[in-house]
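So this one's my_file_22.cif, mmCIF, C-alpha atoms:
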```cif
data_work
loop_
_atom_site.label_atom_id
_atom_site.label_comp_id
_atom_site.auth_asym_id
_atom_site.auth_seq_id
_atom_site.Cartn_x
_atom_site.Cartn_y
_atom_site.Cartn_z
CA MET A 28 -109.63 -23.41 -174.14
CA ARG A 29 -111.41 -20.03 -174.10
CA ALA A 30 -108.72 -18.62 -176.35
CA SER A 31 -109.15 -21.58 -178.71
CA VAL A 32 -112.90 -20.99 -178.92
CA GLY A 33 -112.18 -17.33 -179.59
CA VAL A 34 -109.84 -18.19 -182.47
CA HIS A 35 -112.48 -20.39 -184.08
CA ALA A 36 -115.19 -17.75 -183.64
CA ALA A 37 -112.94 -15.06 -185.10
CA ALA A 38 -112.10 -17.29 -188.06
CA LEU A 39 -115.77 -17.92 -188.80
CA GLY A 40 -116.58 -14.24 -188.50
CA ALA A 41 -113.74 -13.26 -190.80
CA VAL A 42 -114.82 -15.76 -193.46
CA ALA A 43 -118.41 -14.49 -193.24
CA LEU A 44 -117.59 -10.79 -193.38
CA LEU A 45 -114.31 -10.34 -195.24
CA PRO A 46 -113.70 -11.37 -198.86
CA GLY A 47 -110.52 -13.38 -199.26
CA ALA A 48 -110.21 -14.14 -195.54
CA LEU A 49 -110.55 -17.92 -195.91
CA PRO A 50 -106.79 -18.71 -196.24
CA TRP A 51 -105.95 -16.56 -193.22
CA ALA A 52 -108.80 -18.03 -191.20
CA LEU A 53 -107.73 -21.57 -192.00
CA ALA A 54 -104.13 -20.74 -191.11
CA GLY A 55 -105.26 -19.38 -187.74
CA VAL A 56 -107.31 -22.49 -186.97
CA VAL A 57 -104.46 -24.79 -188.02
CA ALA A 58 -102.01 -22.83 -185.85
CA ASN A 59 -104.42 -23.04 -182.92
CA HIS A 60 -104.70 -26.82 -183.24
CA ALA A 61 -100.93 -27.09 -183.55
CA VAL A 62 -100.51 -25.25 -180.24
CA LEU A 63 -103.07 -27.50 -178.52
CA SER A 64 -101.45 -30.64 -179.92
CA GLY A 65 -98.01 -29.47 -178.90
CA ALA A 66 -99.21 -28.75 -175.37
CA GLY A 67 -100.71 -32.23 -175.13
CA LEU A 68 -97.47 -33.83 -176.33
CA TRP A 69 -95.43 -31.91 -173.73
CA PRO A 70 -96.04 -33.76 -170.45
CA ARG A 71 -94.94 -30.87 -168.21
CA SER A 72 -97.05 -28.26 -170.00
CA THR A 73 -99.57 -26.19 -168.04
CA LEU A 74 -101.31 -24.79 -171.13
CA LEU A 75 -104.15 -27.34 -170.91
CA GLY A 76 -104.84 -26.93 -167.20
CA PRO A 77 -103.15 -27.28 -163.80
CA ASN A 78 -100.20 -29.67 -163.78
CA ILE A 79 -98.17 -30.38 -160.65
CA ARG A 80 -94.50 -30.55 -161.61
CA ARG A 81 -93.00 -29.87 -158.19
CA LEU A 82 -94.10 -30.29 -154.59
CA PRO A 83 -95.71 -27.31 -152.84
CA ASP A 84 -93.40 -24.57 -151.55
CA GLY A 85 -93.73 -25.73 -147.95
CA ALA A 86 -92.46 -29.20 -148.84
CA ALA A 87 -89.58 -27.73 -150.81
CA ALA A 88 -88.63 -25.53 -147.83
CA ARG A 89 -88.55 -28.65 -145.65
CA ARG A 90 -86.20 -30.24 -148.22
CA GLU A 91 -88.72 -32.92 -149.11
CA TRP A 92 -88.80 -34.72 -152.44
CA ALA A 93 -91.10 -37.32 -153.99
CA LEU A 94 -90.11 -40.51 -155.78
CA THR A 95 -92.79 -41.71 -158.19
CA LEU A 96 -92.83 -45.10 -159.91
CA ASP A 97 -95.04 -45.77 -162.93
CA ASP A 98 -96.59 -48.71 -164.79
CA GLY A 99 -96.77 -51.33 -162.03
CA PRO A 100 -97.37 -53.30 -160.05
CA ASP A 101 -95.02 -55.81 -161.64
CA PRO A 102 -94.56 -59.16 -159.87
CA ALA A 103 -90.93 -59.45 -161.03
CA THR A 104 -89.81 -55.89 -160.20
CA THR A 105 -92.06 -54.24 -157.61
CA PRO A 106 -91.11 -56.56 -154.69
CA ALA A 107 -87.41 -55.80 -155.27
CA VAL A 108 -88.20 -52.06 -155.44
CA LEU A 109 -90.03 -52.33 -152.12
CA ASP A 110 -87.04 -54.04 -150.54
CA LEU A 111 -84.71 -51.27 -151.74
CA LEU A 112 -87.05 -48.62 -150.35
CA ASP A 113 -87.08 -50.42 -147.00
CA LEU A 114 -83.28 -50.59 -147.01
CA PHE A 115 -83.10 -46.79 -147.21
CA ALA A 116 -86.20 -46.19 -145.03
CA ALA A 117 -87.64 -44.30 -148.02
CA LYS A 118 -91.24 -43.77 -149.10
CA ALA A 119 -92.54 -43.61 -152.66
CA THR A 120 -95.68 -43.04 -154.69
CA PHE A 121 -96.69 -45.79 -157.13
CA PHE A 122 -98.78 -44.65 -160.11
CA CYS A 123 -100.45 -47.98 -160.82
CA ILE A 124 -102.24 -49.29 -163.89
CA ALA A 125 -105.58 -50.58 -162.60
CA GLU A 126 -105.68 -53.74 -164.71
CA ARG A 127 -102.21 -54.68 -163.47
CA ALA A 128 -103.31 -54.00 -159.91
CA ARG A 129 -106.39 -56.19 -160.37
CA ALA A 130 -104.11 -59.01 -161.55
CA GLN A 131 -101.78 -58.52 -158.53
CA PRO A 132 -104.07 -57.52 -155.62
CA ALA A 133 -101.78 -58.91 -152.90
CA LEU A 134 -98.84 -56.98 -154.32
CA LEU A 135 -100.83 -53.74 -154.42
CA ARG A 136 -101.83 -54.22 -150.78
CA ARG A 137 -98.19 -54.88 -149.91
CA ILE A 138 -97.26 -51.48 -151.36
CA VAL A 139 -99.70 -49.78 -149.00
CA GLU A 140 -98.85 -51.95 -145.99
CA ARG A 141 -95.22 -50.93 -146.31
CA GLY A 142 -96.11 -47.26 -146.04
CA HIS A 143 -96.19 -46.20 -149.68
CA ASP A 144 -98.80 -44.40 -151.73
CA VAL A 145 -100.93 -45.67 -154.63
CA GLN A 146 -102.19 -43.23 -157.26
CA ASN A 147 -104.04 -43.45 -160.59
CA HIS A 148 -102.19 -44.17 -163.84
CA SER A 149 -105.34 -45.10 -165.82
CA LYS A 150 -107.15 -48.38 -166.24
CA ARG A 151 -105.24 -49.87 -169.17
CA HIS A 152 -102.41 -47.44 -170.04
CA ARG A 153 -103.76 -47.10 -173.58
CA HIS A 154 -101.38 -45.76 -176.23
CA THR A 155 -104.36 -43.87 -177.66
CA PHE A 156 -105.23 -42.22 -174.32
CA SER A 157 -104.55 -38.69 -175.61
CA LEU A 158 -107.01 -39.26 -178.48
CA LEU A 159 -109.98 -40.16 -176.28
CA GLY A 160 -113.11 -38.04 -175.94
CA SER A 161 -114.55 -36.79 -172.67
CA GLN A 162 -116.74 -39.81 -171.90
CA ALA A 163 -114.04 -42.33 -172.76
CA LEU A 164 -111.53 -40.42 -170.60
CA LYS A 165 -113.98 -40.38 -167.73
CA ARG A 166 -114.63 -44.13 -167.98
CA GLU A 167 -110.91 -44.94 -168.19
CA ILE A 168 -109.99 -42.85 -165.16
CA ALA A 169 -113.09 -43.49 -163.04
CA ASP A 170 -112.84 -47.26 -163.53
CA ALA A 171 -109.21 -47.08 -162.40
CA GLN A 172 -110.28 -45.02 -159.38
CA HIS A 173 -112.77 -47.70 -158.36
CA VAL A 174 -110.30 -50.58 -158.73
CA LEU A 175 -107.40 -48.86 -156.97
CA ALA A 176 -109.53 -47.54 -154.11
CA ASP A 177 -111.12 -50.94 -153.58
CA LEU A 178 -107.80 -52.82 -153.55
CA SER A 179 -105.71 -50.30 -151.62
CA GLY A 180 -108.37 -49.00 -149.23
CA ARG A 181 -107.54 -45.40 -150.19
CA ARG A 182 -109.01 -43.27 -152.94
CA PRO A 183 -106.32 -41.83 -155.25
CA HIS A 184 -106.24 -38.04 -155.43
CA CYS A 185 -103.57 -37.73 -158.13
CA PHE A 186 -103.51 -38.85 -161.76
CA ARG A 187 -100.68 -39.23 -164.24
CA ALA A 188 -101.53 -39.66 -167.91
CA PRO A 189 -99.99 -42.60 -169.79
CA ALA A 190 -96.61 -41.36 -171.07
CA GLY A 191 -97.73 -37.94 -169.85
CA LEU A 192 -99.72 -37.33 -173.06
CA ARG A 193 -103.18 -35.77 -172.95
CA ASN A 194 -105.63 -33.49 -174.72
CA PRO A 195 -107.69 -30.40 -173.75
CA LEU A 196 -110.61 -32.57 -172.58
CA LEU A 197 -108.68 -34.13 -169.69
CA ASP A 198 -108.70 -31.32 -167.14
CA PRO A 199 -112.52 -31.01 -166.89
CA VAL A 200 -112.68 -34.79 -166.29
CA LEU A 201 -110.03 -34.62 -163.55
CA ASP A 202 -111.84 -31.66 -161.99
CA GLU A 203 -115.09 -33.63 -161.90
CA LEU A 204 -113.34 -36.62 -160.32
CA GLY A 205 -111.40 -34.51 -157.82
CA LEU A 206 -107.97 -35.48 -159.15
CA HIS A 207 -104.74 -33.50 -159.54
CA LEU A 208 -102.75 -33.97 -162.73
CA VAL A 209 -99.17 -34.74 -161.69
CA SER A 210 -96.18 -34.92 -164.03
CA TRP A 211 -92.60 -34.58 -162.75
CA THR A 212 -89.59 -32.35 -162.29
CA ARG A 213 -87.25 -34.79 -164.03
CA ARG A 214 -87.44 -38.35 -165.32
CA GLY A 215 -84.76 -40.97 -165.78
CA PHE A 216 -86.00 -42.41 -169.11
CA ASP A 217 -85.41 -45.85 -167.59
CA THR A 218 -87.82 -47.46 -170.05
CA ARG A 219 -85.25 -46.69 -172.78
CA GLU A 220 -81.90 -46.27 -171.03
CA ALA A 221 -80.00 -49.38 -169.89
CA ARG A 222 -77.14 -47.64 -168.03
CA PRO A 223 -77.91 -46.99 -164.33
CA GLN A 224 -75.42 -44.13 -164.03
CA THR A 225 -77.01 -42.30 -166.95
CA VAL A 226 -80.47 -42.72 -165.40
CA LEU A 227 -79.11 -41.39 -162.10
CA GLU A 228 -77.49 -38.32 -163.62
CA ARG A 229 -80.68 -37.39 -165.45
CA LEU A 230 -82.61 -37.53 -162.18
CA ALA A 231 -80.01 -35.96 -159.90
CA ARG A 232 -79.07 -32.99 -162.09
CA GLY A 233 -80.00 -29.95 -159.97
CA LEU A 234 -81.38 -32.16 -157.19
CA ALA A 235 -83.30 -30.05 -154.66
CA GLY A 236 -86.19 -30.01 -152.25
CA GLY A 237 -89.54 -30.03 -154.03
CA ASP A 238 -88.44 -32.36 -156.82
CA ILE A 239 -90.82 -34.98 -158.16
CA LEU A 240 -88.70 -37.68 -159.81
CA LEU A 241 -89.94 -40.43 -162.14
CA LEU A 242 -88.80 -44.04 -162.47
CA HIS A 243 -90.71 -47.19 -163.48
CA ASP A 244 -91.38 -50.41 -161.62
CA GLY A 245 -93.12 -51.62 -164.78
CA HIS A 246 -91.57 -51.58 -168.26
CA SER A 247 -88.09 -50.71 -166.92
CA ARG A 248 -85.44 -51.60 -169.51
CA PRO A 249 -83.05 -54.46 -168.67
CA ALA A 250 -79.52 -53.34 -167.77
CA ALA A 251 -76.33 -55.16 -168.73
CA ASP A 252 -76.83 -57.63 -165.87
CA GLY A 253 -80.27 -58.58 -167.20
CA ARG A 254 -82.16 -56.98 -164.30
CA PRO A 255 -84.48 -53.99 -164.79
CA VAL A 256 -82.28 -50.90 -164.73
CA VAL A 257 -84.47 -49.33 -162.02
CA LEU A 258 -83.08 -51.87 -159.53
CA SER A 259 -79.55 -50.55 -160.07
CA ALA A 260 -80.40 -46.86 -160.49
CA LEU A 261 -82.76 -46.61 -157.52
CA PRO A 262 -80.24 -47.28 -154.71
CA LEU A 263 -77.85 -44.79 -156.30
CA LEU A 264 -80.60 -42.16 -156.34
CA LEU A 265 -81.70 -42.86 -152.78
CA GLN A 266 -78.11 -42.58 -151.55
CA ARG A 267 -77.62 -39.32 -153.47
CA CYS A 268 -80.77 -37.88 -151.87
CA ARG A 269 -79.69 -39.03 -148.42
CA ASP A 270 -76.28 -37.42 -148.88
CA ALA A 271 -77.97 -34.16 -149.95
CA GLY A 272 -80.06 -34.11 -146.77
CA LEU A 273 -83.35 -34.59 -148.60
CA ARG A 274 -86.32 -36.46 -147.10
CA GLY A 275 -88.60 -38.53 -149.30
CA VAL A 276 -92.37 -38.12 -148.93
CA THR A 277 -95.39 -39.46 -150.75
CA LEU A 278 -97.75 -37.33 -152.82
CA ARG A 279 -100.49 -38.16 -150.33
CA GLN A 280 -98.38 -36.50 -147.63
CA ALA A 281 -97.29 -33.48 -149.66
CA VAL A 282 -100.15 -32.61 -152.04
CA PRO A 283 -103.53 -31.54 -150.62
CA HIS A 284 -106.66 -33.17 -151.95
CA ARG A 285 -108.44 -31.38 -154.77
CA HIS A 286 -111.94 -30.36 -153.75
CA ARG A 287 -114.70 -31.42 -156.09
CA PRO A 288 -116.74 -28.58 -157.63
#
```

Is it possible to give me this structure as structure tokens?
Amino acid sequence: MRASVGVHAAALGAVALLPGALPWALAGVVANHAVLSGAGLWPRSTLLGPNIRRLPDGAAARREWALTLDDGPDPATTPAVLDLLDLFAAKATFFCIAERARAQPALLRRIVERGHDVQNHSKRHRHTFSLLGSQALKREIADAQHVLADLSGRRPHCFRAPAGLRNPLLDPVLDELGLHLVSWTRRGFDTREARPQTVLERLARGLAGGDILLLHDGHSRPAADGRPVVLSALPLLLQRCRDAGLRGVTLRQAVPHRHRP
């Protein structure tokens, strides 16, 4: 952000002091905005602020990994996901949409009662989230914090942007609210891919301690059998991790809380 301000200041100075500098100044400003936009459209980018893409080194050394599930809770899918996790004695982190959680309070509490973690995935999962200004971002995230903390009994300390998209104004808001931005090491693209084996291979390529892997208990695409593909891909992934000697942990266990300024 400081570099961006510097580019704009230099452009203004050049236009004021140098004849014929306007085209070059405009080109510099356009290039600067292109870089910022590209960083916001790249979910794993760290150009716009801290972004947790892997678990801390200590967790990786202990061969721990984190399964994260986005866009729930979903009354048709989340209970089946919970049953699969129980079958493998695995723990997961659910990045929940607050309005969905408010519509399914008993299901959200069941997630916590069964030993899993609930984190913040915004209030409404707006497609225009990355276009919001500072105050709108703060309202969207803070309202979700209030709902999820009230229903789960635990205040989220991690946030994942809808679709991973954001803008340069997000990090100061997260800092004020004491939230980590968390993306992922790899994702299965299970909202678009209907073949469980393909989802598995995307997630398990280079599988190692410290991985943060992304699936969806909401908006998961139906597979050939008509069920959400996550329900077929998840047991394959959990078995692959078990065979590799990896232990699943929640983000609440592995990632320290972010201290408020």

Which residues come within 9 Å of range 110-113 of chain A, counting only C-alpha atoms, excluding same-chain residues fewer than 6 positions away, as a list in words?
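The residues satisfying every condition are Ala119, Arg141, Leu258, Leu261, Pro262 and Leu265 of chain A.
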
Do a neighbour search on Ala271 in chain A at 12 Å with only C-alpha atoms, toss out local chain neighbours closer than 2 positions, and write the hits as a compact mmCIF listing (two decimals) with C-alpha atoms, in the coordinates of the input.
```
# COMPACT_ATOMS: atom_id res chain seq x y z
CA ARG A 90 -86.20 -30.24 -148.22
CA GLU A 91 -88.72 -32.92 -149.11
CA TRP A 92 -88.80 -34.72 -152.44
CA ALA A 231 -80.01 -35.96 -159.90
CA GLY A 233 -80.00 -29.95 -159.97
CA LEU A 234 -81.38 -32.16 -157.19
CA ALA A 235 -83.30 -30.05 -154.66
CA GLY A 236 -86.19 -30.01 -152.25
CA LEU A 264 -80.60 -42.16 -156.34
CA LEU A 265 -81.70 -42.86 -152.78
CA GLN A 266 -78.11 -42.58 -151.55
CA ARG A 267 -77.62 -39.32 -153.47
CA CYS A 268 -80.77 -37.88 -151.87
CA ARG A 269 -79.69 -39.03 -148.42
CA LEU A 273 -83.35 -34.59 -148.60
CA ARG A 274 -86.32 -36.46 -147.10
CA GLY A 275 -88.60 -38.53 -149.30
```

Picked residues, the PyMOL selection byres ((chain A and resi 146) around 6), as an MDAnalysis selection string
chainID A and resid 122 145 147 183 185

Residue with smallest distance to His284 in chain A - pool A:His207, A:Arg219, A:Arg213, A:His148, counting only C-alpha atoms
A:His207

Could you expand the PyMOL selection byres ((chain A and resi 158-163) around 12) into the explicit residues it covers here, written as a PDB file with C-alpha atoms, keeping the file's coordinate frame?
```pdb
ATOM      1  CA  SER A  64    -101.450 -30.640-179.920  1.00  0.00           C
ATOM      2  CA  GLY A  67    -100.710 -32.230-175.130  1.00  0.00           C
ATOM      3  CA  LEU A  68     -97.470 -33.830-176.330  1.00  0.00           C
ATOM      4  CA  SER A 149    -105.340 -45.100-165.820  1.00  0.00           C
ATOM      5  CA  LYS A 150    -107.150 -48.380-166.240  1.00  0.00           C
ATOM      6  CA  ARG A 153    -103.760 -47.100-173.580  1.00  0.00           C
ATOM      7  CA  HIS A 154    -101.380 -45.760-176.230  1.00  0.00           C
ATOM      8  CA  THR A 155    -104.360 -43.870-177.660  1.00  0.00           C
ATOM      9  CA  PHE A 156    -105.230 -42.220-174.320  1.00  0.00           C
ATOM     10  CA  SER A 157    -104.550 -38.690-175.610  1.00  0.00           C
ATOM     11  CA  LEU A 164    -111.530 -40.420-170.600  1.00  0.00           C
ATOM     12  CA  LYS A 165    -113.980 -40.380-167.730  1.00  0.00           C
ATOM     13  CA  ARG A 166    -114.630 -44.130-167.980  1.00  0.00           C
ATOM     14  CA  GLU A 167    -110.910 -44.940-168.190  1.00  0.00           C
ATOM     15  CA  ILE A 168    -109.990 -42.850-165.160  1.00  0.00           C
ATOM     16  CA  ALA A 169    -113.090 -43.490-163.040  1.00  0.00           C
ATOM     17  CA  ASP A 170    -112.840 -47.260-163.530  1.00  0.00           C
ATOM     18  CA  ALA A 188    -101.530 -39.660-167.910  1.00  0.00           C
ATOM     19  CA  PRO A 189     -99.990 -42.600-169.790  1.00  0.00           C
ATOM     20  CA  LEU A 192     -99.720 -37.330-173.060  1.00  0.00           C
ATOM     21  CA  ARG A 193    -103.180 -35.770-172.950  1.00  0.00           C
ATOM     22  CA  ASN A 194    -105.630 -33.490-174.720  1.00  0.00           C
ATOM     23  CA  PRO A 195    -107.690 -30.400-173.750  1.00  0.00           C
ATOM     24  CA  LEU A 196    -110.610 -32.570-172.580  1.00  0.00           C
ATOM     25  CA  LEU A 197    -108.680 -34.130-169.690  1.00  0.00           C
ATOM     26  CA  ASP A 198    -108.700 -31.320-167.140  1.00  0.00           C
ATOM     27  CA  PRO A 199    -112.520 -31.010-166.890  1.00  0.00           C
ATOM     28  CA  VAL A 200    -112.680 -34.790-166.290  1.00  0.00           C
ATOM     29  CA  LEU A 201    -110.030 -34.620-163.550  1.00  0.00           C
ATOM     30  CA  GLU A 203    -115.090 -33.630-161.900  1.00  0.00           C
TER      31      GLU A 203
END
```

Just say which residues the PyMOL selection byres ((chain A and resi 144) around 10) picks in this file, as a PDB file with C-alpha atoms, keeping the file's coordinate frame.
```
ATOM      1  CA  THR A  95     -92.790 -41.710-158.190  1.00  0.00           C
ATOM      2  CA  LYS A 118     -91.240 -43.770-149.100  1.00  0.00           C
ATOM      3  CA  ALA A 119     -92.540 -43.610-152.660  1.00  0.00           C
ATOM      4  CA  THR A 120     -95.680 -43.040-154.690  1.00  0.00           C
ATOM      5  CA  PHE A 121     -96.690 -45.790-157.130  1.00  0.00           C
ATOM      6  CA  PHE A 122     -98.780 -44.650-160.110  1.00  0.00           C
ATOM      7  CA  CYS A 123    -100.450 -47.980-160.820  1.00  0.00           C
ATOM      8  CA  LEU A 135    -100.830 -53.740-154.420  1.00  0.00           C
ATOM      9  CA  ILE A 138     -97.260 -51.480-151.360  1.00  0.00           C
ATOM     10  CA  VAL A 139     -99.700 -49.780-149.000  1.00  0.00           C
ATOM     11  CA  GLU A 140     -98.850 -51.950-145.990  1.00  0.00           C
ATOM     12  CA  ARG A 141     -95.220 -50.930-146.310  1.00  0.00           C
ATOM     13  CA  GLY A 142     -96.110 -47.260-146.040  1.00  0.00           C
ATOM     14  CA  HIS A 143     -96.190 -46.200-149.680  1.00  0.00           C
ATOM     15  CA  VAL A 145    -100.930 -45.670-154.630  1.00  0.00           C
ATOM     16  CA  GLN A 146    -102.190 -43.230-157.260  1.00  0.00           C
ATOM     17  CA  SER A 179    -105.710 -50.300-151.620  1.00  0.00           C
ATOM     18  CA  ARG A 181    -107.540 -45.400-150.190  1.00  0.00           C
ATOM     19  CA  PRO A 183    -106.320 -41.830-155.250  1.00  0.00           C
ATOM     20  CA  VAL A 276     -92.370 -38.120-148.930  1.00  0.00           C
ATOM     21  CA  THR A 277     -95.390 -39.460-150.750  1.00  0.00           C
ATOM     22  CA  LEU A 278     -97.750 -37.330-152.820  1.00  0.00           C
ATOM     23  CA  ARG A 279    -100.490 -38.160-150.330  1.00  0.00           C
ATOM     24  CA  GLN A 280     -98.380 -36.500-147.630  1.00  0.00           C
TER      25      GLN A 280
END
```

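When only C-alpha atoms are used to measure the gap to Ala190 in chain A, the shortest distance among A:Ala125, A:Pro77, A:Gly85, A:Arg71 belongs to A:Arg71.
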
Between CA of Ser259 in chain A and CA of Leu227 in chain A, measure the distance and give it in Å to one decimal.
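Rounded to one decimal, the two atoms are 9.4 Å apart.
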
Using all atoms listed in the file, find the one residue out of A:Val282, A:Leu206, A:Val256, A:Leu82 that sits nearest to Thr218 in chain A.
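Among the listed residues, A:Val256 lies closest to Thr218 in chain A.
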
What does the distance between CA of Arg285 in chain A and CA of Gly76 in chain A come to in Å, to one decimal place?
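Computing it gives 13.7 Å between the two atoms.
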
Quick one, how far is CA of Gly99 in chain A from CA of His243 in chain A?
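Separation between CA of Gly99 in chain A and CA of His243 in chain A: 7.5 Å.
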
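Considering the residues A:Ala251, A:Ile124, A:Val226, A:Ala221 and counting only C-alpha atoms, Asp97 in chain A has its shortest atom-to-atom contact with A:Ile124.
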
Give the answer as one residue: which of A:Ala117, A:Val108, A:Leu94, A:Leu208 has the shortest atom-to-atom distance to Gly245 in chain A, using all atoms listed in the file?
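Closest to Gly245 in chain A, using all atoms listed in the file: A:Val108.
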
If I only have part of range 82-99 of chain A, can you fill in N, CA and C atoms and write it as an mmCIF file, keeping the file's coordinate frame?
```cif
data_model
loop_
_atom_site.group_PDB
_atom_site.id
_atom_site.type_symbol
_atom_site.label_atom_id
_atom_site.label_comp_id
_atom_site.auth_asym_id
_atom_site.auth_seq_id
_atom_site.Cartn_x
_atom_site.Cartn_y
_atom_site.Cartn_z
ATOM 1 N N LEU A 82 -93.345 -30.296 -155.832
ATOM 2 C CA LEU A 82 -94.100 -30.290 -154.590
ATOM 3 C C LEU A 82 -94.399 -28.858 -154.168
ATOM 4 N N PRO A 83 -95.404 -28.665 -153.319
ATOM 5 C CA PRO A 83 -95.710 -27.310 -152.840
ATOM 6 C C PRO A 83 -94.498 -26.658 -152.164
ATOM 7 N N ASP A 84 -94.535 -25.333 -152.081
ATOM 8 C CA ASP A 84 -93.400 -24.570 -151.550
ATOM 9 C C ASP A 84 -93.025 -25.004 -150.131
ATOM 10 N N GLY A 85 -94.025 -25.320 -149.316
ATOM 11 C CA GLY A 85 -93.730 -25.730 -147.950
ATOM 12 C C GLY A 85 -92.898 -27.002 -147.905
ATOM 13 N N ALA A 86 -93.227 -27.959 -148.779
ATOM 14 C CA ALA A 86 -92.460 -29.200 -148.840
ATOM 15 C C ALA A 86 -91.044 -28.935 -149.323
ATOM 16 N N ALA A 87 -90.918 -28.066 -150.306
ATOM 17 C CA ALA A 87 -89.580 -27.730 -150.810
ATOM 18 C C ALA A 87 -88.743 -27.081 -149.710
ATOM 19 N N ALA A 88 -89.359 -26.189 -148.915
ATOM 20 C CA ALA A 88 -88.630 -25.530 -147.830
ATOM 21 C C ALA A 88 -88.177 -26.531 -146.777
ATOM 22 N N ARG A 89 -88.934 -27.608 -146.614
ATOM 23 C CA ARG A 89 -88.550 -28.650 -145.650
ATOM 24 C C ARG A 89 -87.580 -29.648 -146.277
ATOM 25 N N ARG A 90 -87.138 -29.395 -147.487
ATOM 26 C CA ARG A 90 -86.200 -30.240 -148.220
ATOM 27 C C ARG A 90 -86.769 -31.641 -148.432
ATOM 28 N N GLU A 91 -88.054 -31.668 -148.785
ATOM 29 C CA GLU A 91 -88.720 -32.920 -149.110
ATOM 30 C C GLU A 91 -88.723 -33.129 -150.621
ATOM 31 N N TRP A 92 -88.712 -34.373 -151.027
ATOM 32 C CA TRP A 92 -88.800 -34.720 -152.440
ATOM 33 C C TRP A 92 -89.705 -35.933 -152.571
ATOM 34 N N ALA A 93 -90.180 -36.209 -153.777
ATOM 35 C CA ALA A 93 -91.100 -37.320 -153.990
ATOM 36 C C ALA A 93 -90.577 -38.223 -155.106
ATOM 37 N N LEU A 94 -90.413 -39.495 -154.780
ATOM 38 C CA LEU A 94 -90.110 -40.510 -155.780
ATOM 39 C C LEU A 94 -91.408 -41.096 -156.284
ATOM 40 N N THR A 95 -91.608 -41.101 -157.597
ATOM 41 C CA THR A 95 -92.790 -41.710 -158.190
ATOM 42 C C THR A 95 -92.360 -42.832 -159.123
ATOM 43 N N LEU A 96 -93.122 -43.909 -159.101
ATOM 44 C CA LEU A 96 -92.830 -45.100 -159.910
ATOM 45 C C LEU A 96 -94.074 -45.455 -160.719
ATOM 46 N N ASP A 97 -93.916 -45.560 -162.022
ATOM 47 C CA ASP A 97 -95.040 -45.770 -162.930
ATOM 48 C C ASP A 97 -95.108 -47.199 -163.456
ATOM 49 N N ASP A 98 -96.318 -47.552 -163.922
ATOM 50 C CA ASP A 98 -96.590 -48.710 -164.790
ATOM 51 C C ASP A 98 -96.664 -50.053 -164.072
ATOM 52 N N GLY A 99 -96.619 -50.079 -162.756
ATOM 53 C CA GLY A 99 -96.770 -51.330 -162.030
ATOM 54 C C GLY A 99 -98.214 -51.528 -161.588
#
```
